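Source file: model.txt; contents: compact mmCIF, C-alpha atoms.
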```txt
# COMPACT_ATOMS: atom_id res chain seq x y z
CA MET A 646 -27.00 4.70 -28.87
CA ILE A 647 -25.30 1.30 -29.24
CA LYS A 648 -25.75 1.34 -33.02
CA PHE A 649 -23.74 4.58 -33.17
CA PHE A 650 -20.83 3.06 -31.24
CA PRO A 651 -18.85 2.15 -34.41
CA TYR A 652 -19.23 5.75 -35.57
CA VAL A 653 -17.74 7.03 -32.30
CA VAL A 654 -14.82 4.60 -32.54
CA LYS A 655 -14.14 5.62 -36.14
CA SER A 656 -14.23 9.28 -35.15
CA MET A 657 -11.61 8.60 -32.47
CA TRP A 658 -9.49 6.59 -34.91
CA ARG A 659 -9.47 9.41 -37.45
CA HIS A 660 -7.55 11.47 -34.91
CA ARG A 661 -5.55 8.56 -33.54
CA ALA A 662 -2.55 10.63 -32.44
CA ARG A 663 -4.70 12.88 -30.28
CA THR A 664 -6.62 9.89 -28.95
CA LEU A 665 -3.42 8.03 -28.09
CA LEU A 666 -1.94 11.02 -26.26
CA THR A 667 -5.12 11.52 -24.25
CA VAL A 668 -5.46 7.84 -23.34
CA SER A 669 -1.78 7.53 -22.37
CA GLY A 670 -1.89 10.70 -20.28
CA THR A 671 -5.01 9.48 -18.52
CA ALA A 672 -3.41 6.07 -17.91
CA VAL A 673 -0.31 7.58 -16.30
CA ALA A 674 -2.42 9.86 -14.08
CA MET A 675 -4.61 6.95 -12.95
CA LEU A 676 -1.56 4.77 -12.33
CA VAL A 677 -0.25 7.43 -9.94
CA PHE A 678 -3.73 7.66 -8.38
CA CYS A 679 -3.76 3.88 -7.74
CA PHE A 680 -0.17 4.01 -6.47
CA ILE A 681 -1.14 6.62 -3.87
CA GLY A 682 -4.19 4.56 -2.90
CA ALA A 683 -1.97 1.49 -2.38
CA VAL A 684 0.29 3.42 0.00
CA GLN A 685 -2.73 4.63 1.98
CA GLN A 686 -4.14 1.10 2.16
CA GLY A 687 -0.81 -0.14 3.48
CA MET A 688 -0.85 2.52 6.19
CA LEU A 689 -4.43 1.69 7.18
CA ALA A 690 -3.58 -2.02 7.35
CA LEU A 691 -0.90 -1.25 9.96
CA THR A 692 -2.90 1.12 12.12
CA GLN A 693 -6.39 -0.38 11.78
CA GLY A 694 -5.71 -4.06 11.01
CA GLU A 695 -7.16 -7.08 12.79
CA ASP A 696 -4.44 -7.20 15.48
CA ALA A 697 -4.06 -3.42 15.81
CA GLY A 698 -6.20 -3.31 18.95
CA GLY A 699 -5.80 -6.90 20.21
CA THR A 700 -2.03 -6.80 20.77
CA LEU A 701 0.03 -4.54 23.02
CA ILE A 702 3.60 -3.47 22.24
CA VAL A 703 5.89 -2.90 25.22
CA PHE A 704 8.81 -0.67 24.21
CA GLN A 705 11.53 1.07 26.20
CA GLU A 706 10.44 4.43 27.51
CA ASN A 707 11.51 7.47 25.46
CA ARG A 708 13.01 5.34 22.69
CA PHE A 709 12.06 5.25 19.01
CA CYS A 710 14.62 3.45 16.82
CA PRO A 711 14.73 -0.32 17.54
CA GLN A 712 18.50 -0.22 18.11
CA SER A 713 17.99 2.07 21.11
CA SER A 714 15.30 0.01 22.89
CA ARG A 715 16.79 -2.59 25.27
CA LEU A 716 14.39 -4.27 27.65
CA PRO A 717 15.43 -7.08 30.01
CA GLN A 718 14.12 -10.36 28.60
CA ASP A 719 12.98 -11.49 32.05
CA TYR A 720 10.27 -8.80 31.99
CA ALA A 721 8.22 -11.39 30.06
CA GLY A 722 7.57 -13.46 33.21
CA ALA A 723 6.17 -10.48 35.12
CA ILE A 724 3.94 -9.44 32.22
CA GLU A 725 2.50 -12.95 31.82
CA LYS A 726 1.26 -12.86 35.44
CA LEU A 727 -0.89 -9.77 34.88
CA PRO A 728 -4.67 -10.33 34.52
CA GLY A 729 -5.92 -10.25 30.92
CA VAL A 730 -2.66 -11.42 29.32
CA ALA A 731 -3.00 -14.43 27.00
CA GLY A 732 0.67 -14.63 26.02
CA VAL A 733 3.92 -12.69 25.71
CA THR A 734 6.41 -12.90 22.84
CA PRO A 735 9.87 -11.31 23.20
CA VAL A 736 11.06 -9.73 19.94
CA LYS A 737 14.51 -8.50 18.97
CA VAL A 738 14.45 -6.07 16.03
CA PHE A 739 17.40 -5.07 13.88
CA THR A 740 17.29 -2.83 10.81
CA ASN A 741 20.07 -1.56 8.60
CA ASN A 742 18.42 1.87 8.39
CA CYS A 743 16.18 3.55 10.99
CA ARG A 744 15.34 6.37 8.59
CA ALA A 745 12.68 6.12 5.92
CA SER A 746 13.90 3.88 3.11
CA LEU A 747 12.44 1.98 0.17
CA ASP A 748 14.95 -0.84 0.63
CA ALA A 749 15.41 -1.16 4.39
CA ILE A 750 16.06 -4.68 5.73
CA VAL A 751 14.22 -5.49 8.96
CA PHE A 752 15.12 -8.56 11.03
CA GLN A 753 12.86 -9.82 13.81
CA GLY A 754 14.26 -12.40 16.20
CA MET A 755 11.74 -14.58 18.04
CA PRO A 756 11.73 -18.04 19.70
CA PRO A 757 10.69 -20.53 16.96
CA ASP A 758 7.62 -21.79 18.84
CA ASP A 759 6.43 -18.26 19.56
CA LEU A 760 7.01 -17.31 15.91
CA ARG A 761 4.70 -20.09 14.67
CA GLN A 762 2.04 -19.09 17.18
CA ALA A 763 2.25 -15.31 16.76
CA ARG A 764 2.58 -15.14 12.95
CA ASP A 765 0.35 -16.74 10.34
CA LEU A 766 3.04 -17.72 7.85
CA THR A 767 2.80 -20.13 4.92
CA LEU A 768 6.14 -21.54 3.80
CA ARG A 769 6.60 -21.55 0.03
CA GLN A 770 10.07 -23.03 0.32
CA GLY A 771 11.89 -24.80 3.16
CA ASP A 772 10.47 -26.20 6.39
CA TRP A 773 10.12 -25.25 10.04
CA GLY A 774 12.37 -28.06 11.24
CA ALA A 775 15.38 -26.77 9.33
CA PHE A 776 14.76 -23.27 10.70
CA ALA A 777 14.40 -24.39 14.33
CA GLY A 778 17.42 -26.69 14.14
CA GLN A 779 20.00 -24.12 12.98
CA ASP A 780 21.08 -21.09 15.00
CA ASP A 781 21.74 -18.76 12.07
CA ALA A 782 18.71 -19.88 10.03
CA ALA A 783 16.28 -17.30 8.67
CA LEU A 784 12.80 -17.22 7.18
CA VAL A 785 12.56 -14.60 4.44
CA GLY A 786 9.37 -12.90 3.20
CA VAL A 787 8.44 -13.47 -0.44
CA ASP A 788 8.76 -9.81 -1.38
CA ILE A 789 12.23 -9.32 -0.02
CA ALA A 790 13.28 -12.71 -1.43
CA ALA A 791 12.14 -11.57 -4.89
CA ARG A 792 13.92 -8.21 -4.62
CA ARG A 793 17.18 -9.73 -3.40
CA GLY A 794 17.00 -12.94 -5.45
CA LEU A 795 17.11 -15.19 -2.36
CA SER A 796 16.12 -18.83 -2.11
CA VAL A 797 16.59 -21.69 0.36
CA GLY A 798 20.28 -22.37 1.08
CA ASP A 799 21.54 -18.88 0.20
CA LYS A 800 23.67 -16.95 2.67
CA PHE A 801 22.67 -13.34 3.23
CA THR A 802 24.70 -10.66 5.03
CA ILE A 803 23.77 -7.08 5.83
CA GLY A 804 24.77 -4.72 8.62
CA GLY A 805 27.13 -7.31 10.10
CA VAL A 806 24.35 -9.93 10.46
CA SER A 807 24.83 -13.09 8.38
CA VAL A 808 22.03 -15.65 8.03
CA VAL A 809 21.31 -18.75 5.97
CA VAL A 810 17.92 -18.84 4.26
CA ARG A 811 16.01 -21.91 5.44
CA GLY A 812 12.57 -20.87 4.28
CA VAL A 813 10.66 -18.38 2.14
CA PHE A 814 7.23 -17.50 3.54
CA GLU A 815 4.10 -15.67 2.52
CA SER A 816 1.75 -13.91 4.92
CA GLY A 817 -1.76 -12.56 4.56
CA ILE A 818 -0.43 -9.32 6.08
CA ALA A 819 1.48 -7.67 3.24
CA ALA A 820 3.93 -5.82 5.50
CA GLN A 821 5.24 -9.11 6.92
CA ASN A 822 6.28 -10.25 3.44
CA ASN A 823 9.10 -7.69 3.69
CA LEU A 824 10.54 -9.07 6.97
CA ILE A 825 13.27 -11.57 7.83
CA TYR A 826 12.66 -13.77 10.88
CA THR A 827 15.51 -15.33 12.85
CA GLN A 828 15.86 -17.08 16.18
CA LEU A 829 15.87 -14.70 19.14
CA GLU A 830 19.14 -15.88 20.69
CA PHE A 831 20.98 -15.63 17.39
CA LEU A 832 19.95 -12.00 16.79
CA GLN A 833 20.85 -11.12 20.38
CA ARG A 834 24.40 -12.44 19.86
CA ALA A 835 24.81 -11.21 16.28
CA ARG A 836 25.35 -7.58 17.29
CA GLY A 837 27.66 -8.27 20.25
CA ALA A 838 27.54 -9.52 23.83
CA ASP A 839 25.85 -6.36 25.08
CA ASP A 840 22.52 -7.46 23.58
CA VAL A 841 22.43 -10.89 25.23
CA GLY A 842 19.46 -11.09 27.60
CA THR A 843 17.77 -8.01 26.15
CA VAL A 844 14.96 -7.59 23.63
CA THR A 845 13.64 -4.67 21.62
CA MET A 846 10.02 -5.12 22.62
CA PHE A 847 7.36 -7.51 23.87
CA GLU A 848 4.21 -8.39 21.95
CA VAL A 849 1.44 -8.98 24.47
CA ARG A 850 -1.62 -10.92 23.26
CA LEU A 851 -4.77 -10.07 25.15
CA GLN A 852 -7.47 -12.36 26.43
CA GLU A 853 -10.90 -11.88 24.92
CA GLY A 854 -12.68 -8.95 26.54
CA ALA A 855 -9.52 -7.57 28.20
CA ASP A 856 -9.24 -3.79 28.53
CA ALA A 857 -6.18 -2.86 26.47
CA ASP A 858 -5.76 0.64 27.92
CA ARG A 859 -6.03 -0.58 31.51
CA LEU A 860 -3.55 -3.40 30.92
CA ALA A 861 -1.10 -1.01 29.24
CA LYS A 862 -1.13 1.18 32.34
CA LEU A 863 -0.62 -1.86 34.59
CA ILE A 864 2.45 -2.93 32.59
CA ASP A 865 4.03 0.52 32.71
CA GLN A 866 3.31 0.78 36.46
CA GLU A 867 4.88 -2.64 37.00
CA PHE A 868 8.21 -1.45 35.62
CA HIS A 869 8.03 2.20 36.63
CA ASN A 870 10.63 1.71 39.34
CA GLY A 871 12.51 -1.05 37.53
CA PRO A 872 15.91 -0.85 35.81
CA VAL A 873 14.30 0.16 32.49
CA GLY A 874 11.02 2.06 32.13
CA THR A 875 8.45 1.05 29.51
CA THR A 876 5.88 2.62 27.25
CA THR A 877 3.00 0.32 26.32
CA ARG A 878 0.55 0.97 23.50
CA THR A 879 -1.73 -1.05 21.28
CA LYS A 880 0.00 -2.29 18.15
CA GLY A 881 -1.98 0.09 15.94
CA VAL A 882 -1.11 3.15 18.06
CA PHE A 883 2.54 2.05 18.35
CA GLN A 884 2.91 1.75 14.58
CA ALA A 885 1.04 5.01 13.97
CA ASP A 886 3.33 6.85 16.42
CA THR A 887 6.45 5.26 14.93
CA LEU A 888 5.41 6.30 11.43
CA ALA A 889 4.03 9.72 12.45
CA ASP A 890 6.31 11.69 10.11
CA LEU A 891 5.62 9.35 7.20
CA ALA A 892 1.91 9.48 7.97
CA GLU A 893 1.94 13.25 7.56
CA LEU A 894 3.74 12.89 4.24
CA ILE A 895 1.28 10.25 3.07
CA GLY A 896 -1.57 12.53 4.10
CA PHE A 897 -0.08 15.30 1.99
CA VAL A 898 0.43 12.96 -0.97
CA HIS A 899 -3.31 12.26 -0.76
CA TRP A 900 -3.82 15.66 -2.38
CA LEU A 901 -1.65 14.53 -5.26
CA GLY A 902 -4.31 11.92 -5.96
CA TYR A 903 -6.89 14.67 -6.37
CA ALA A 904 -4.47 16.51 -8.65
CA CYS A 905 -4.31 13.38 -10.84
CA VAL A 906 -8.11 13.36 -11.09
CA GLY A 907 -8.03 17.03 -12.07
CA LEU A 908 -5.39 16.29 -14.69
CA VAL A 909 -7.55 13.56 -16.23
CA LEU A 910 -10.53 15.92 -16.27
CA SER A 911 -8.47 18.57 -18.02
CA LEU A 912 -7.02 16.16 -20.58
CA VAL A 913 -10.31 14.55 -21.55
CA ALA A 914 -12.26 17.82 -21.57
CA THR A 915 -9.64 19.49 -23.79
CA THR A 916 -9.60 16.59 -26.23
CA THR A 917 -13.39 16.48 -26.39
CA VAL A 918 -13.64 20.23 -27.00
CA MET A 919 -11.11 19.95 -29.83
CA ALA A 920 -13.08 17.05 -31.31
CA VAL A 921 -16.31 19.07 -31.23
CA GLN A 922 -14.62 22.05 -32.87
CA ASP A 923 -13.25 19.81 -35.62
CA ARG A 924 -16.66 18.31 -36.34
CA ILE A 925 -18.94 21.36 -36.35
CA LYS A 926 -19.98 20.71 -39.95
CA GLU A 927 -20.29 16.96 -39.30
CA HIS A 928 -22.69 17.51 -36.42
CA ALA A 929 -24.74 19.92 -38.53
CA VAL A 930 -24.99 17.30 -41.30
CA LEU A 931 -26.06 14.67 -38.75
CA GLN A 932 -28.85 16.95 -37.52
CA THR A 933 -29.86 17.60 -41.13
CA LEU A 934 -30.19 13.84 -41.61
CA GLY A 935 -32.54 13.65 -38.63
CA LEU A 936 -30.38 13.23 -35.54
CA ARG A 937 -31.89 15.17 -32.68
CA PRO A 938 -29.70 17.39 -30.44
CA GLY A 939 -29.99 14.88 -27.61
CA ARG A 940 -28.46 12.20 -29.81
CA VAL A 941 -25.56 14.47 -30.79
CA PHE A 942 -25.02 15.19 -27.07
CA GLY A 943 -24.92 11.44 -26.45
CA LEU A 944 -22.32 10.88 -29.18
CA VAL A 945 -19.99 13.46 -27.65
CA MET A 946 -20.53 12.06 -24.15
CA THR A 947 -19.78 8.54 -25.38
CA GLU A 948 -16.49 9.63 -26.87
CA SER A 949 -15.49 11.46 -23.70
CA VAL A 950 -16.37 8.50 -21.48
CA LEU A 951 -14.54 6.07 -23.78
CA LEU A 952 -11.34 8.12 -23.73
CA SER A 953 -11.38 8.43 -19.96
CA THR A 954 -12.40 4.86 -19.21
CA ILE A 955 -9.85 3.24 -21.53
CA GLY A 956 -7.09 5.34 -19.99
CA GLY A 957 -8.34 4.63 -16.47
CA LEU A 958 -8.51 0.90 -17.16
CA LEU A 959 -4.97 0.82 -18.54
CA GLY A 960 -3.67 2.84 -15.58
CA ALA A 961 -5.44 0.69 -12.98
CA VAL A 962 -4.31 -2.60 -14.52
CA GLY A 963 -0.78 -1.23 -14.95
CA GLY A 964 -0.73 -0.18 -11.30
CA LEU A 965 -1.88 -3.62 -10.15
CA LEU A 966 0.75 -5.38 -12.22
CA LEU A 967 3.54 -3.01 -11.20
CA LEU A 968 2.82 -3.13 -7.47
CA GLY A 969 2.03 -6.84 -7.49
CA SER A 970 5.26 -7.77 -9.26
CA THR A 971 7.64 -5.52 -7.30
CA GLY A 972 6.27 -5.93 -3.76
CA MET A 973 7.28 -2.36 -2.99
CA SER A 974 7.38 -1.09 0.58
CA ILE A 975 8.82 1.69 2.70
CA ALA A 976 10.23 1.20 6.19
CA ALA A 977 11.06 3.58 9.00
CA GLU A 978 12.36 2.74 12.49
CA GLY A 979 11.77 -0.97 11.94
CA VAL A 980 8.12 -0.67 10.85
CA THR A 981 7.26 -1.49 7.25
CA ILE A 982 4.45 -0.09 5.11
CA ALA A 983 3.65 -2.40 2.20
CA PHE A 984 2.14 -0.86 -0.92
CA GLU A 985 -1.01 -2.97 -1.12
CA PRO A 986 -2.60 -3.32 -4.58
CA SER A 987 -6.10 -4.78 -4.71
CA PRO A 988 -8.89 -5.34 -7.26
CA VAL A 989 -11.06 -2.99 -5.18
CA LEU A 990 -8.49 -0.22 -5.59
CA ALA A 991 -8.31 -0.86 -9.34
CA ALA A 992 -12.11 -0.79 -9.58
CA GLN A 993 -12.16 2.53 -7.73
CA GLY A 994 -9.65 3.94 -10.22
CA VAL A 995 -11.77 2.86 -13.19
CA LEU A 996 -14.94 4.28 -11.61
CA VAL A 997 -13.20 7.59 -10.95
CA ALA A 998 -12.06 7.69 -14.58
CA LEU A 999 -15.61 6.93 -15.72
CA ALA A 1000 -17.05 9.72 -13.57
CA VAL A 1001 -14.39 12.15 -14.83
CA GLY A 1002 -15.27 11.20 -18.41
CA VAL A 1003 -18.91 12.05 -17.78
CA LEU A 1004 -18.01 15.42 -16.24
CA ALA A 1005 -15.55 16.24 -19.02
CA GLY A 1006 -18.12 15.57 -21.74
CA ILE A 1007 -21.02 17.64 -20.42
CA ALA A 1008 -19.91 21.09 -21.61
CA PRO A 1009 -18.61 20.00 -25.07
CA GLY A 1010 -21.66 17.79 -25.56
CA TRP A 1011 -24.02 20.64 -24.73
CA THR A 1012 -22.16 22.91 -27.17
CA ALA A 1013 -22.44 20.33 -29.94
CA ALA A 1014 -26.13 19.76 -29.25
CA GLN A 1015 -26.86 23.49 -29.53
CA THR A 1016 -25.21 23.78 -32.96
CA GLN A 1017 -27.33 25.79 -35.42
CA ILE A 1018 -27.43 23.88 -38.68
CA VAL A 1019 -27.32 26.84 -41.10
CA SER A 1020 -24.63 28.81 -39.28
CA ALA A 1021 -22.56 25.65 -38.76
CA LEU A 1022 -22.65 24.82 -42.49
CA ARG A 1023 -21.75 28.41 -43.40
CA HIS A 1024 -18.94 28.40 -40.85
CA ALA A 1025 -17.54 25.17 -42.31
```
Translate this file's structure into structure tokens.
Amino acid sequence: MIKFFPYVVKSMWRHRARTLLTVSGTAVAMLVFCFIGAVQQGMLALTQGEDAGGTLIVFQENRFCPQSSRLPQDYAGAIEKLPGVAGVTPVKVFTNNCRASLDAIVFQGMPPDDLRQARDLTLRQGDWGAFAGQDDAALVGVDIAARRGLSVGDKFTIGGVSVVVRGVFESGIAAQNNLIYTQLEFLQRARGADDVGTVTMFEVRLQEGADADRLAKLIDQEFHNGPVGTTTRTKGVFQADTLADLAELIGFVHWLGYACVGLVLSLVATTTVMAVQDRIKEHAVLQTLGLRPGRVFGLVMTESVLLSTIGGLLGAVGGLLLLGSTGMSIAAEGVTIAFEPSPVLAAQGVLVALAVGVLAGIAPGWTAAQTQIVSALRHA
């Protein structure tokens, strides 16, 4: 079949306009397919990541938006004394938009030492000393720095909070690349005196082998009769609950991915059928020259697979480049979902396109293989 490959390519080139339209349509559909997959991967990374079950989030009871959760900072001492707790990090969260947004800015204020311990950050610009030594200093994620054009030394203001960029960091967790970290005390004072001494939540790191559910109940019982009640969940459950509405939307969008696959199948199958109809006489001549029906079937299948695979490859690569260069994300109530492109996702897109090409070529290939030589020549 390899020796007939140039013939297949020439056949596609003879109808280059139709080929181009089919390939471009397939590429766009597969780009959307990969885009949807990246959103789903970002959601899974939040709810099923490495620290999703090993960290507890203590939030104010019956509160959802970060601006409405105000826990006394001295709760940290009581939590640290509980059995199974390895460490407690107080976190102040501020966002300019609690609703779902593609360009929400999320600040997280933490003590500098706790920040270095709790987050695995690699500084691309700046240094930790400059951050720890200045009250209004901020470390900015690479994605948000790229979107906003920020670099070390720039002053950045949003929602009444003004910071000076003292570092640009990159994290192995894509969602963190869309965050801005500040010192805890600065973020407490930035929004007014009412927030001094309060935090949005506590991140509780567990000792190895600790029972997360049992410890969550102990924490909530500890503060049940206190000035502010708490709701404690694992980090994965907390983020899943916070993004519940978005999760339903993402689940619905999943069906759009299947629609893209169906669109590719329809495009390639239609093009292949048209190609077979245009070459009825050609296939009859090929059989007259000695090509067996199975070989004719293979030629049609090769063309179908080529159309689909080229389009799928272009769409997958385009999706990787687009998502990788823009660092897109969506945030809601202070939690960010990063659209995570990956070579695995691109490979899945190409494999889906390949499989669709095979399916799309079966019926037209069978029709071409069953062509009766005499009737085909008369018809032509």
Neighbour residues at most 9 Å from (17.4, -19.5, 7.0) (only C-alpha atoms) as a list in words: Gly771, Ala775, Phe776, Gln779, Asp780, Asp781, Ala782, Ala783, Leu784, Val785, Val797, Gly798, Asp799, Lys800, Phe801, Val808, Val809, Val810, Arg811, Gly812, Val813, Ile825, Tyr826 and Thr827 of chain A
Distance query Gly960 in chain A at most 8 Å, only C-alpha atoms, self and fewer than 5 positions along chain excluded, as a VMD selection string: chain A and resid 671 to 676 679
CA of Gly979 in chain A to CA of Asn870 in chain A, distance in Å rounded to a single decimal: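 Value for the CA of Gly979 in chain A-CA of Asn870 in chain A distance: 27.6 Å.
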Among listed residues A:Gly774, A:Thr981, A:Met755, A:Ala791, nearest Gln884 in chain A (using all atoms listed in the file):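 Closest to Gln884 in chain A of all the choices is A:Thr981.
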Selection: 6 Å around range 726-729 of chain A, only C-alpha atoms, excl. self and same-chain fewer than 5 positions, as an MDAnalysis selection string: chainID A and resid 851:852 855
